[in-house]
>>> print(open('coords_22.tsv').read())   # TSV, C-alpha atoms
chain	number	residue	atom	x	y	z
A	30	ASP	CA	-4.22	-23.01	-26.67
A	31	ASP	CA	-4.39	-26.65	-27.78
A	32	HIS	CA	-4.67	-25.79	-31.48
A	33	GLY	CA	-1.65	-23.50	-31.41
A	34	LEU	CA	0.46	-26.06	-29.61
A	35	ALA	CA	-0.67	-28.81	-31.99
A	36	ALA	CA	0.43	-26.69	-34.94
A	37	VAL	CA	4.00	-26.41	-33.67
A	38	ARG	CA	4.27	-29.77	-31.93
A	39	HIS	CA	6.06	-31.63	-34.72
A	40	ALA	CA	8.61	-28.86	-35.24
A	41	LEU	CA	9.31	-28.52	-31.53
A	42	CYS	CA	9.67	-32.27	-31.08
A	43	GLN	CA	12.48	-32.15	-33.65
A	44	CYS	CA	14.34	-29.50	-31.63
A	45	THR	CA	16.22	-31.97	-29.48
A	46	GLY	CA	18.75	-29.29	-28.55
A	47	LEU	CA	16.10	-26.82	-27.32
A	48	GLN	CA	17.33	-25.00	-24.22
A	49	MET	CA	14.35	-22.77	-23.37
A	50	LEU	CA	10.64	-23.57	-23.49
A	51	SER	CA	8.04	-21.03	-22.38
A	52	ILE	CA	4.35	-21.92	-22.47
A	53	SER	CA	3.01	-18.78	-20.80
A	54	ARG	CA	-0.60	-17.82	-20.09
A	55	SER	CA	-1.82	-20.73	-22.15
A	56	HIS	CA	-5.22	-22.34	-21.72
A	57	LEU	CA	-4.35	-25.99	-22.26
A	58	SER	CA	-6.76	-28.88	-21.84
A	59	ASP	CA	-5.64	-32.44	-21.21
A	60	THR	CA	-5.10	-32.77	-24.97
A	61	GLY	CA	-2.75	-29.81	-24.97
A	62	LEU	CA	-0.89	-31.11	-21.94
A	63	VAL	CA	-0.27	-34.42	-23.70
A	64	LEU	CA	1.22	-32.44	-26.58
A	65	LEU	CA	3.39	-30.54	-24.11
A	66	ARG	CA	4.53	-33.83	-22.64
A	67	ASP	CA	5.60	-35.03	-26.09
A	68	ILE	CA	7.55	-31.82	-26.68
A	69	LEU	CA	9.28	-32.08	-23.30
A	70	ASN	CA	10.22	-35.69	-24.01
A	71	GLY	CA	12.01	-34.54	-27.13
A	72	CYS	CA	14.09	-31.81	-25.52
A	73	ALA	CA	14.41	-32.98	-21.91
A	74	GLU	CA	18.12	-33.71	-22.07
A	75	CYS	CA	19.11	-30.18	-23.15
A	76	LEU	CA	16.33	-28.02	-21.66
A	77	GLN	CA	17.61	-25.37	-19.26
A	78	VAL	CA	14.68	-22.97	-18.88
A	79	LEU	CA	11.13	-24.26	-18.38
A	80	GLU	CA	8.21	-21.86	-17.98
A	81	THR	CA	4.66	-23.20	-17.87
A	82	THR	CA	2.78	-20.30	-16.35
A	83	GLY	CA	-0.94	-19.70	-16.22
A	84	ASP	CA	-2.95	-16.52	-15.67
A	85	ARG	CA	-5.99	-15.42	-13.72
A	86	GLY	CA	-8.41	-18.32	-13.46
A	87	HIS	CA	-6.37	-20.60	-15.69
A	88	GLY	CA	-3.48	-22.95	-14.98
A	89	ILE	CA	-2.51	-26.54	-15.57
A	90	GLY	CA	-3.41	-27.47	-11.99
A	91	ASP	CA	-2.44	-30.58	-10.07
A	92	ASP	CA	-4.00	-32.92	-12.63
A	93	GLY	CA	-2.08	-31.23	-15.42
A	94	VAL	CA	1.16	-31.60	-13.51
A	95	ALA	CA	0.45	-35.31	-13.14
A	96	LEU	CA	0.03	-35.60	-16.92
A	97	VAL	CA	3.39	-34.02	-17.76
A	98	ARG	CA	5.23	-35.54	-14.80
A	99	PRO	CA	7.03	-38.34	-16.72
A	100	ALA	CA	8.52	-35.88	-19.21
A	101	VAL	CA	9.40	-33.18	-16.67
A	102	SER	CA	11.14	-35.78	-14.52
A	103	ARG	CA	13.56	-36.39	-17.41
A	104	CYS	CA	14.75	-32.78	-17.34
A	105	THR	CA	18.03	-32.76	-15.43
A	106	ARG	CA	19.76	-29.61	-16.71
A	107	LEU	CA	17.25	-26.94	-15.68
A	108	THR	CA	18.62	-23.62	-14.47
A	109	THR	CA	15.21	-21.90	-14.34
A	110	LEU	CA	11.86	-23.36	-13.29
A	111	ASN	CA	8.79	-21.13	-13.49
A	112	VAL	CA	5.41	-22.66	-12.67
A	113	SER	CA	3.69	-19.50	-11.43
A	114	TRP	CA	-0.10	-19.00	-11.67
A	115	CYS	CA	-0.58	-22.73	-12.29
A	116	GLN	CA	-3.17	-23.25	-9.53
A	117	LEU	CA	-1.05	-25.89	-7.88
A	118	THR	CA	-1.67	-27.14	-4.34
A	119	GLY	CA	0.20	-29.41	-1.96
A	120	ARG	CA	-0.79	-32.35	-4.17
A	121	SER	CA	1.81	-31.28	-6.72
A	122	THR	CA	4.71	-31.00	-4.30
A	123	PRO	CA	6.07	-34.55	-4.94
A	124	LEU	CA	6.62	-33.74	-8.63
A	125	ILE	CA	8.09	-30.30	-7.94
A	126	GLU	CA	10.34	-31.75	-5.26
A	127	GLY	CA	11.52	-34.43	-7.70
A	128	VAL	CA	12.34	-31.82	-10.34
A	129	LEU	CA	14.24	-29.74	-7.77
A	130	LEU	CA	16.25	-32.72	-6.58
A	131	GLY	CA	16.98	-33.83	-10.15
A	132	ASN	CA	18.26	-30.37	-11.05
A	133	SER	CA	19.70	-29.28	-7.70
A	134	ALA	CA	23.19	-28.75	-9.07
A	135	MET	CA	21.95	-26.50	-11.87
A	136	LEU	CA	18.94	-24.50	-10.66
A	137	THR	CA	19.52	-20.80	-10.02
A	138	GLU	CA	15.94	-19.49	-10.33
A	139	ILE	CA	12.67	-20.90	-8.97
A	140	ASP	CA	9.32	-19.12	-9.36
A	141	LEU	CA	6.32	-20.67	-7.60
A	142	HIS	CA	4.22	-17.56	-7.00
A	143	LYS	CA	0.44	-17.60	-7.19
A	144	ASN	CA	0.08	-21.25	-6.24
A	145	ARG	CA	-1.83	-22.49	-3.20
A	146	LEU	CA	1.03	-24.36	-1.57
A	147	GLY	CA	0.41	-23.28	2.02
A	148	ASP	CA	2.62	-24.02	5.00
A	149	GLY	CA	2.25	-27.77	4.56
A	150	GLY	CA	3.20	-27.64	0.89
A	151	LEU	CA	6.36	-25.69	1.66
A	152	VAL	CA	7.38	-28.29	4.23
A	153	LEU	CA	6.97	-31.01	1.61
A	154	LEU	CA	9.21	-29.03	-0.76
A	155	LEU	CA	11.90	-28.43	1.85
A	156	SER	CA	14.30	-31.22	0.89
A	157	GLY	CA	14.13	-30.21	-2.76
A	158	LEU	CA	14.67	-26.52	-2.10
A	159	ILE	CA	17.57	-26.88	0.33
A	160	ALA	CA	19.31	-29.15	-2.18
A	161	CYS	CA	19.49	-26.21	-4.64
A	162	THR	CA	22.52	-24.63	-3.03
A	163	GLY	CA	23.28	-22.48	-6.08
A	164	LEU	CA	19.85	-20.84	-6.03
A	165	ALA	CA	19.98	-17.06	-6.61
A	166	HIS	CA	16.30	-16.15	-7.24
A	167	LEU	CA	13.36	-17.48	-5.22
A	168	ASN	CA	9.78	-16.26	-5.69
A	169	LEU	CA	7.24	-17.56	-3.18
A	170	SER	CA	4.82	-14.63	-3.28
A	171	HIS	CA	1.09	-15.37	-2.99
A	172	THR	CA	1.63	-18.99	-1.94
A	173	GLY	CA	-0.50	-19.02	1.21
A	174	LEU	CA	2.31	-19.00	3.76
A	175	THR	CA	1.90	-17.85	7.36
A	176	ALA	CA	4.21	-17.34	10.32
A	177	GLU	CA	4.19	-21.14	10.71
A	178	SER	CA	6.44	-21.30	7.64
A	179	ALA	CA	9.12	-19.08	9.20
A	180	GLN	CA	11.33	-21.96	10.37
A	181	THR	CA	10.99	-23.74	7.03
A	182	LEU	CA	11.98	-20.53	5.25
A	183	CYS	CA	14.95	-20.17	7.60
A	184	ASP	CA	16.13	-23.65	6.68
A	185	ILE	CA	15.81	-22.84	2.97
A	186	VAL	CA	17.68	-19.53	3.24
A	187	THR	CA	20.41	-21.05	5.40
A	188	HIS	CA	21.15	-23.79	2.87
A	189	CYS	CA	20.73	-21.55	-0.19
A	190	SER	CA	23.39	-19.08	0.85
A	191	ARG	CA	23.80	-17.64	-2.66
A	192	LEU	CA	20.28	-16.20	-2.73
A	193	MET	CA	20.26	-12.63	-4.03
A	194	CYS	CA	16.56	-12.08	-4.83
A	195	VAL	CA	13.87	-13.16	-2.36
A	196	ASN	CA	10.16	-12.50	-2.92
A	197	LEU	CA	7.83	-13.38	-0.04
A	198	ALA	CA	5.13	-10.82	-0.85
A	199	TRP	CA	1.49	-11.35	0.05
A	200	ASN	CA	2.08	-14.08	2.56
A	201	ALA	CA	0.77	-13.66	6.10
A	202	LEU	CA	4.18	-13.84	7.81
A	203	GLY	CA	3.45	-11.07	10.29
A	204	ASP	CA	5.89	-9.52	12.72
A	205	CYS	CA	6.62	-12.85	14.40
A	206	GLY	CA	7.41	-14.59	11.13
A	207	LEU	CA	9.80	-11.85	9.99
A	208	SER	CA	11.51	-11.83	13.37
A	209	CYS	CA	12.21	-15.56	13.01
A	210	LEU	CA	13.70	-14.90	9.57
A	211	GLU	CA	16.01	-12.11	10.70
A	212	TYR	CA	19.21	-14.09	11.21
A	213	ALA	CA	18.76	-16.06	7.98
A	214	LEU	CA	18.13	-12.93	5.89
A	215	CYS	CA	21.08	-11.15	7.47
A	216	SER	CA	23.37	-13.98	6.38
A	217	LEU	CA	22.67	-13.35	2.67
A	218	ARG	CA	23.91	-10.81	0.14
A	219	LEU	CA	20.51	-9.59	-1.03
A	220	CYS	CA	20.02	-7.42	-4.09
A	221	GLN	CA	16.21	-7.61	-4.04
A	222	LEU	CA	13.81	-8.15	-1.15
A	223	ASN	CA	10.02	-8.04	-1.54
A	224	LEU	CA	7.89	-8.09	1.62
A	225	CYS	CA	4.77	-6.34	0.29
A	226	GLY	CA	1.53	-7.28	2.02
A	227	CYS	CA	3.15	-9.49	4.66
A	228	LEU	CA	1.05	-8.12	7.56
A	229	LEU	CA	4.00	-6.29	9.06
A	230	SER	CA	3.61	-3.45	11.56
A	231	ASN	CA	6.01	-0.94	13.09
A	232	GLN	CA	7.01	-3.73	15.48
A	233	SER	CA	8.90	-5.33	12.58
A	234	CYS	CA	11.11	-2.31	12.07
A	235	THR	CA	13.85	-3.43	14.47
A	236	THR	CA	14.16	-6.61	12.43
A	237	LEU	CA	13.99	-4.68	9.16
A	238	GLY	CA	16.64	-2.27	10.40
A	239	ASN	CA	19.03	-5.09	11.23
A	240	VAL	CA	18.48	-6.73	7.84
A	241	LEU	CA	19.03	-3.43	6.04
A	242	TYR	CA	22.27	-2.74	7.90
A	243	THR	CA	23.72	-6.09	6.88
A	244	GLN	CA	22.59	-5.69	3.26
A	245	LYS	CA	23.50	-2.02	2.76
A	246	ALA	CA	26.34	-2.83	0.35
A	247	TYR	CA	24.17	-5.03	-1.88
A	248	LEU	CA	20.50	-4.03	-1.72
A	249	THR	CA	19.18	-2.31	-4.85
A	250	GLU	CA	15.45	-3.10	-4.55
A	251	LEU	CA	13.29	-3.02	-1.44
A	252	LEU	CA	9.49	-3.35	-1.59
A	253	LEU	CA	7.50	-2.90	1.62
A	254	SER	CA	4.14	-1.67	0.31
A	255	ASP	CA	0.83	-2.52	1.98
A	256	ASN	CA	2.20	-3.08	5.47
A	257	ALA	CA	1.11	-1.12	8.54
A	258	ILE	CA	4.56	0.35	9.12
A	259	ALA	CA	3.26	3.92	9.61
A	260	ASP	CA	5.24	7.03	10.53
A	261	GLU	CA	6.71	5.48	13.67
A	262	GLY	CA	8.07	2.51	11.76
A	263	LEU	CA	9.60	4.64	9.02
A	264	SER	CA	11.36	6.77	11.62
A	265	ALA	CA	12.75	3.62	13.21
A	266	ILE	CA	14.38	2.46	9.98
A	267	ARG	CA	15.47	5.90	8.80
A	268	VAL	CA	19.18	5.39	9.44
A	269	PRO	CA	19.49	1.84	8.05
A	270	LEU	CA	17.48	2.87	4.98
A	271	SER	CA	19.80	5.80	4.40
A	272	SER	CA	22.79	3.47	4.58
A	273	CYS	CA	21.56	1.49	1.53
A	274	THR	CA	23.17	3.90	-0.92
A	275	SER	CA	22.87	1.56	-3.93
A	276	MET	CA	19.05	1.60	-3.83
A	277	VAL	CA	17.49	1.74	-7.29
A	278	THR	CA	13.87	0.69	-6.61
A	279	PHE	CA	11.89	1.39	-3.44
A	280	GLY	CA	8.23	0.80	-2.67
A	281	MET	CA	6.33	1.84	0.44
A	282	GLY	CA	2.83	2.65	-0.80
A	283	GLY	CA	-0.12	1.81	1.41
A	284	CYS	CA	1.97	1.81	4.59
A	285	ASP	CA	-0.20	4.30	6.52
A	286	LEU	CA	2.28	7.14	6.17
A	287	THR	CA	1.17	10.72	6.80
A	288	PRO	CA	2.71	14.09	5.85
A	289	ALA	CA	4.66	13.84	9.11
A	290	SER	CA	6.93	11.32	7.36
A	291	LEU	CA	7.95	13.69	4.58
A	292	PRO	CA	11.09	15.00	6.34
A	293	VAL	CA	12.22	11.43	6.99
A	294	LEU	CA	11.62	10.42	3.37
A	295	CYS	CA	13.45	13.50	2.09
A	296	ASP	CA	16.44	12.70	4.28
A	297	VAL	CA	16.53	9.08	3.07
A	298	LEU	CA	16.17	10.07	-0.59
A	299	ARG	CA	19.08	12.45	-0.25
A	300	HIS	CA	21.35	9.42	0.27
A	301	TRP	CA	19.94	7.46	-2.66
A	302	THR	CA	21.61	9.05	-5.66
A	303	LYS	CA	21.01	5.96	-7.83
A	304	LEU	CA	17.26	5.75	-7.20
A	305	GLN	CA	15.16	5.30	-10.34
A	306	CYS	CA	11.76	4.08	-9.13
>>> encode(input="coords_22.tsv", output="C-alpha cells")
Amino acid sequence: DDHGLAAVRHALCQCTGLQMLSISRSHLSDTGLVLLRDILNGCAECLQVLETTGDRGHGIGDDGVALVRPAVSRCTRLTTLNVSWCQLTGRSTPLIEGVLLGNSAMLTEIDLHKNRLGDGGLVLLLSGLIACTGLAHLNLSHTGLTAESAQTLCDIVTHCSRLMCVNLAWNALGDCGLSCLEYALCSLRLCQLNLCGCLLSNQSCTTLGNVLYTQKAYLTELLLSDNAIADEGLSAIRVPLSSCTSMVTFGMGGCDLTPASLPVLCDVLRHWTKLQC
C-alpha cells in the first residue's frame, strides 16, 4: 500500500541501476502512484522488467496510468511488461502503445490479461504490438476480445513471428475467430497455447487439428478447457493430438466430454510419455 511504498521510496530511488521492479497486488492511491512515479524516474534508464499488477477489484486504472505516464515513457530497455489486473480500458492504450514502441527492440514478454481493452483497444495497440518483432510471450486473456479482433490478432502474430507462448483464454473468439487465426498460428513455433473459454465448438476442430499438426514438434502445453468441443470434437483431433509427443501440460476440463471419449483419451495419452499435468 501507500505506506509500504513510502517506507522504501528513498532507498529505491537511489537504485539507479535497478533492472526489475514488481509492484504486485498493491492497493495504491494517487499518493502511492506519485511515489511509484518517482521510483520509476530514478531507475528508468536501466529497468528491464516492470510489473504493476492489481488483483480482484483493485488496480491502478486509467487515471493511475496517466499519473505514472511521464516516468514509464522514459523506460526504453524493458524486456518484460506486465500490467495485468490493472482495470485498464481503451483510454490507456496511447500510453501502452508508446511504451511498446519505445521498447520494441527489447520486449520479449507482454502481459495485459484481465484488462477491459476490447476489440477497439486492441486495434489502438496494433502498431505498438507489431513493432515488437522479438516478442516470445503474449498474454491477452480476459481482455474482452471477440471474433472482430481476429484480423488484428492475425496481424500481430504475423509480425511477431518469434512468439512461442500465446494466451487468448476467456475471449469470445468463437469458431469463426479461430478459423481466421489458423494460418497465423500455423506459421509460429508454439510451445504454449491457451484457448480456454473461447466459445469454441466441435466445428473448430478442423482448425485445431491443422494448428496441432504444424506445432507437433514444439507444443508442450495446450489448454482447451471450457469449450463445447464434446466427444465428436475430441475424436476429430485425436490423430493431431497424438502427434504432439512433447506434450507436458494438457487441459480439457468442462468440454462436454462423456465416458465415450475415454478410449480416445487413452490412445492419445499413450503417445504422451512426457505428460506431467
>>> residues_around(input="coords_22.tsv", residues="segment 45-52 of chain A", least_positions_apart="5", cutoff="9 Å", atoms="only C-alpha atoms", output="PyMOL selection string")
chain A and resi 65+69-83+107+111
>>> write_last_selection(input="coords_22.tsv", atoms="C-alpha atoms", output="PDB file, in the frame of the given file")
ATOM      1  CA  LEU A  65       3.390 -30.540 -24.110  1.00  0.00           C
ATOM      2  CA  LEU A  69       9.280 -32.080 -23.300  1.00  0.00           C
ATOM      3  CA  ASN A  70      10.220 -35.690 -24.010  1.00  0.00           C
ATOM      4  CA  GLY A  71      12.010 -34.540 -27.130  1.00  0.00           C
ATOM      5  CA  CYS A  72      14.090 -31.810 -25.520  1.00  0.00           C
ATOM      6  CA  ALA A  73      14.410 -32.980 -21.910  1.00  0.00           C
ATOM      7  CA  GLU A  74      18.120 -33.710 -22.070  1.00  0.00           C
ATOM      8  CA  CYS A  75      19.110 -30.180 -23.150  1.00  0.00           C
ATOM      9  CA  LEU A  76      16.330 -28.020 -21.660  1.00  0.00           C
ATOM     10  CA  GLN A  77      17.610 -25.370 -19.260  1.00  0.00           C
ATOM     11  CA  VAL A  78      14.680 -22.970 -18.880  1.00  0.00           C
ATOM     12  CA  LEU A  79      11.130 -24.260 -18.380  1.00  0.00           C
ATOM     13  CA  GLU A  80       8.210 -21.860 -17.980  1.00  0.00           C
ATOM     14  CA  THR A  81       4.660 -23.200 -17.870  1.00  0.00           C
ATOM     15  CA  THR A  82       2.780 -20.300 -16.350  1.00  0.00           C
ATOM     16  CA  GLY A  83      -0.940 -19.700 -16.220  1.00  0.00           C
ATOM     17  CA  LEU A 107      17.250 -26.940 -15.680  1.00  0.00           C
ATOM     18  CA  ASN A 111       8.790 -21.130 -13.490  1.00  0.00           C
TER      19      ASN A 111
END
>>> residues_around(input="coords_22.tsv", residues="segment 196-212 of chain A", least_positions_apart="3", cutoff="6 Å", atoms="only C-alpha atoms", output="ChimeraX atom specification")
/A:168-171,173-176,179,183,215,222-229,233,236
>>> residues_around(input="coords_22.tsv", residues="segment 119-131 of chain A", least_positions_apart="4", cutoff="6 Å", atoms="only C-alpha atoms", output="PyMOL selection string")
chain A and resi 91+102+105+146+150+154+157
>>> atom_distance(input="coords_22.tsv", atom1="atom CA of Leu110 of chain A", atom2="atom CA of Asp184 of chain A")
20.4 Å
>>> closest_residue(input="coords_22.tsv", among="A:Cys161, A:Ala257, A:Gly88, A:Val152", to="Glu177 of chain A", atoms="only C-alpha atoms")
A:Val152
>>> atom_distance(input="coords_22.tsv", atom1="atom CA of Ile139 of chain A", atom2="atom CA of Ser113 of chain A")
9.4 Å
>>> residues_around(input="coords_22.tsv", residues="Val277 of chain A", least_positions_apart="4", cutoff="9 Å", atoms="all atoms listed in the file", output="list in words")
Leu248, Thr249, Glu250, Leu251, Trp301, Thr302, Lys303, Leu304, Gln305 and Cys306 of chain A
>>> write_last_selection(input="coords_22.tsv", atoms="C-alpha atoms", output="PDB file, in the coordinates of the input")
ATOM      1  CA  LEU A 248      20.500  -4.030  -1.720  1.00  0.00           C
ATOM      2  CA  THR A 249      19.180  -2.310  -4.850  1.00  0.00           C
ATOM      3  CA  GLU A 250      15.450  -3.100  -4.550  1.00  0.00           C
ATOM      4  CA  LEU A 251      13.290  -3.020  -1.440  1.00  0.00           C
ATOM      5  CA  TRP A 301      19.940   7.460  -2.660  1.00  0.00           C
ATOM      6  CA  THR A 302      21.610   9.050  -5.660  1.00  0.00           C
ATOM      7  CA  LYS A 303      21.010   5.960  -7.830  1.00  0.00           C
ATOM      8  CA  LEU A 304      17.260   5.750  -7.200  1.00  0.00           C
ATOM      9  CA  GLN A 305      15.160   5.300 -10.340  1.00  0.00           C
ATOM     10  CA  CYS A 306      11.760   4.080  -9.130  1.00  0.00           C
TER      11      CYS A 306
END
>>> residues_near_point(input="coords_22.tsv", point="(21.2, -28.5, -3.2)", cutoff="10 Å", atoms="only C-alpha atoms", output="JSON, numbers by chain")
{"A": [129, 130, 131, 132, 133, 134, 135, 136, 156, 157, 158, 159, 160, 161, 162, 163, 164, 185, 188, 189]}
>>> write_last_selection(input="coords_22.tsv", atoms="C-alpha atoms", output="compact mmCIF listing (two decimals), keeping the file's coordinate frame")
# COMPACT_ATOMS: atom_id res chain seq x y z
CA LEU A 129 14.24 -29.74 -7.77
CA LEU A 130 16.25 -32.72 -6.58
CA GLY A 131 16.98 -33.83 -10.15
CA ASN A 132 18.26 -30.37 -11.05
CA SER A 133 19.70 -29.28 -7.70
CA ALA A 134 23.19 -28.75 -9.07
CA MET A 135 21.95 -26.50 -11.87
CA LEU A 136 18.94 -24.50 -10.66
CA SER A 156 14.30 -31.22 0.89
CA GLY A 157 14.13 -30.21 -2.76
CA LEU A 158 14.67 -26.52 -2.10
CA ILE A 159 17.57 -26.88 0.33
CA ALA A 160 19.31 -29.15 -2.18
CA CYS A 161 19.49 -26.21 -4.64
CA THR A 162 22.52 -24.63 -3.03
CA GLY A 163 23.28 -22.48 -6.08
CA LEU A 164 19.85 -20.84 -6.03
CA ILE A 185 15.81 -22.84 2.97
CA HIS A 188 21.15 -23.79 2.87
CA CYS A 189 20.73 -21.55 -0.19
>>> atom_distance(input="coords_22.tsv", atom1="atom CA of Arg66 of chain A", atom2="atom CA of Asp148 of chain A")
29.4 Å
>>> closest_residue(input="coords_22.tsv", among="A:Arg103, A:His142, A:Arg267, A:Arg98", to="Cys115 of chain A", atoms="all atoms listed in the file")
A:His142
>>> residues_around(input="coords_22.tsv", residues="segment 280-296 of chain A", least_positions_apart="6", cutoff="7 Å", atoms="all atoms listed in the file", output="compact mmCIF listing (two decimals) with C-alpha atoms, in the frame of the given file")
# COMPACT_ATOMS: atom_id res chain seq x y z
CA LEU A 251 13.29 -3.02 -1.44
CA LEU A 252 9.49 -3.35 -1.59
CA LEU A 253 7.50 -2.90 1.62
CA SER A 254 4.14 -1.67 0.31
CA ASP A 255 0.83 -2.52 1.98
CA ASN A 256 2.20 -3.08 5.47
CA ALA A 257 1.11 -1.12 8.54
CA ILE A 258 4.56 0.35 9.12
CA ALA A 259 3.26 3.92 9.61
CA ASP A 260 5.24 7.03 10.53
CA SER A 264 11.36 6.77 11.62
CA ARG A 267 15.47 5.90 8.80
>>> closest_residue(input="coords_22.tsv", among="A:His166, A:Lys245, A:His32, A:Arg145", to="Ser271 of chain A", atoms="all atoms listed in the file")
A:Lys245
>>> residues_near_point(input="coords_22.tsv", point="(23.5, -4.8, 9.8)", cutoff="12 Å", atoms="only C-alpha atoms", output="list in words")
Glu211, Tyr212, Leu214, Cys215, Ser216, Leu217, Arg218, Thr235, Thr236, Leu237, Gly238, Asn239, Val240, Leu241, Tyr242, Thr243, Gln244, Lys245, Ala246, Tyr247, Leu248, Ile266, Val268, Pro269, Leu270, Ser272 and Cys273 of chain A
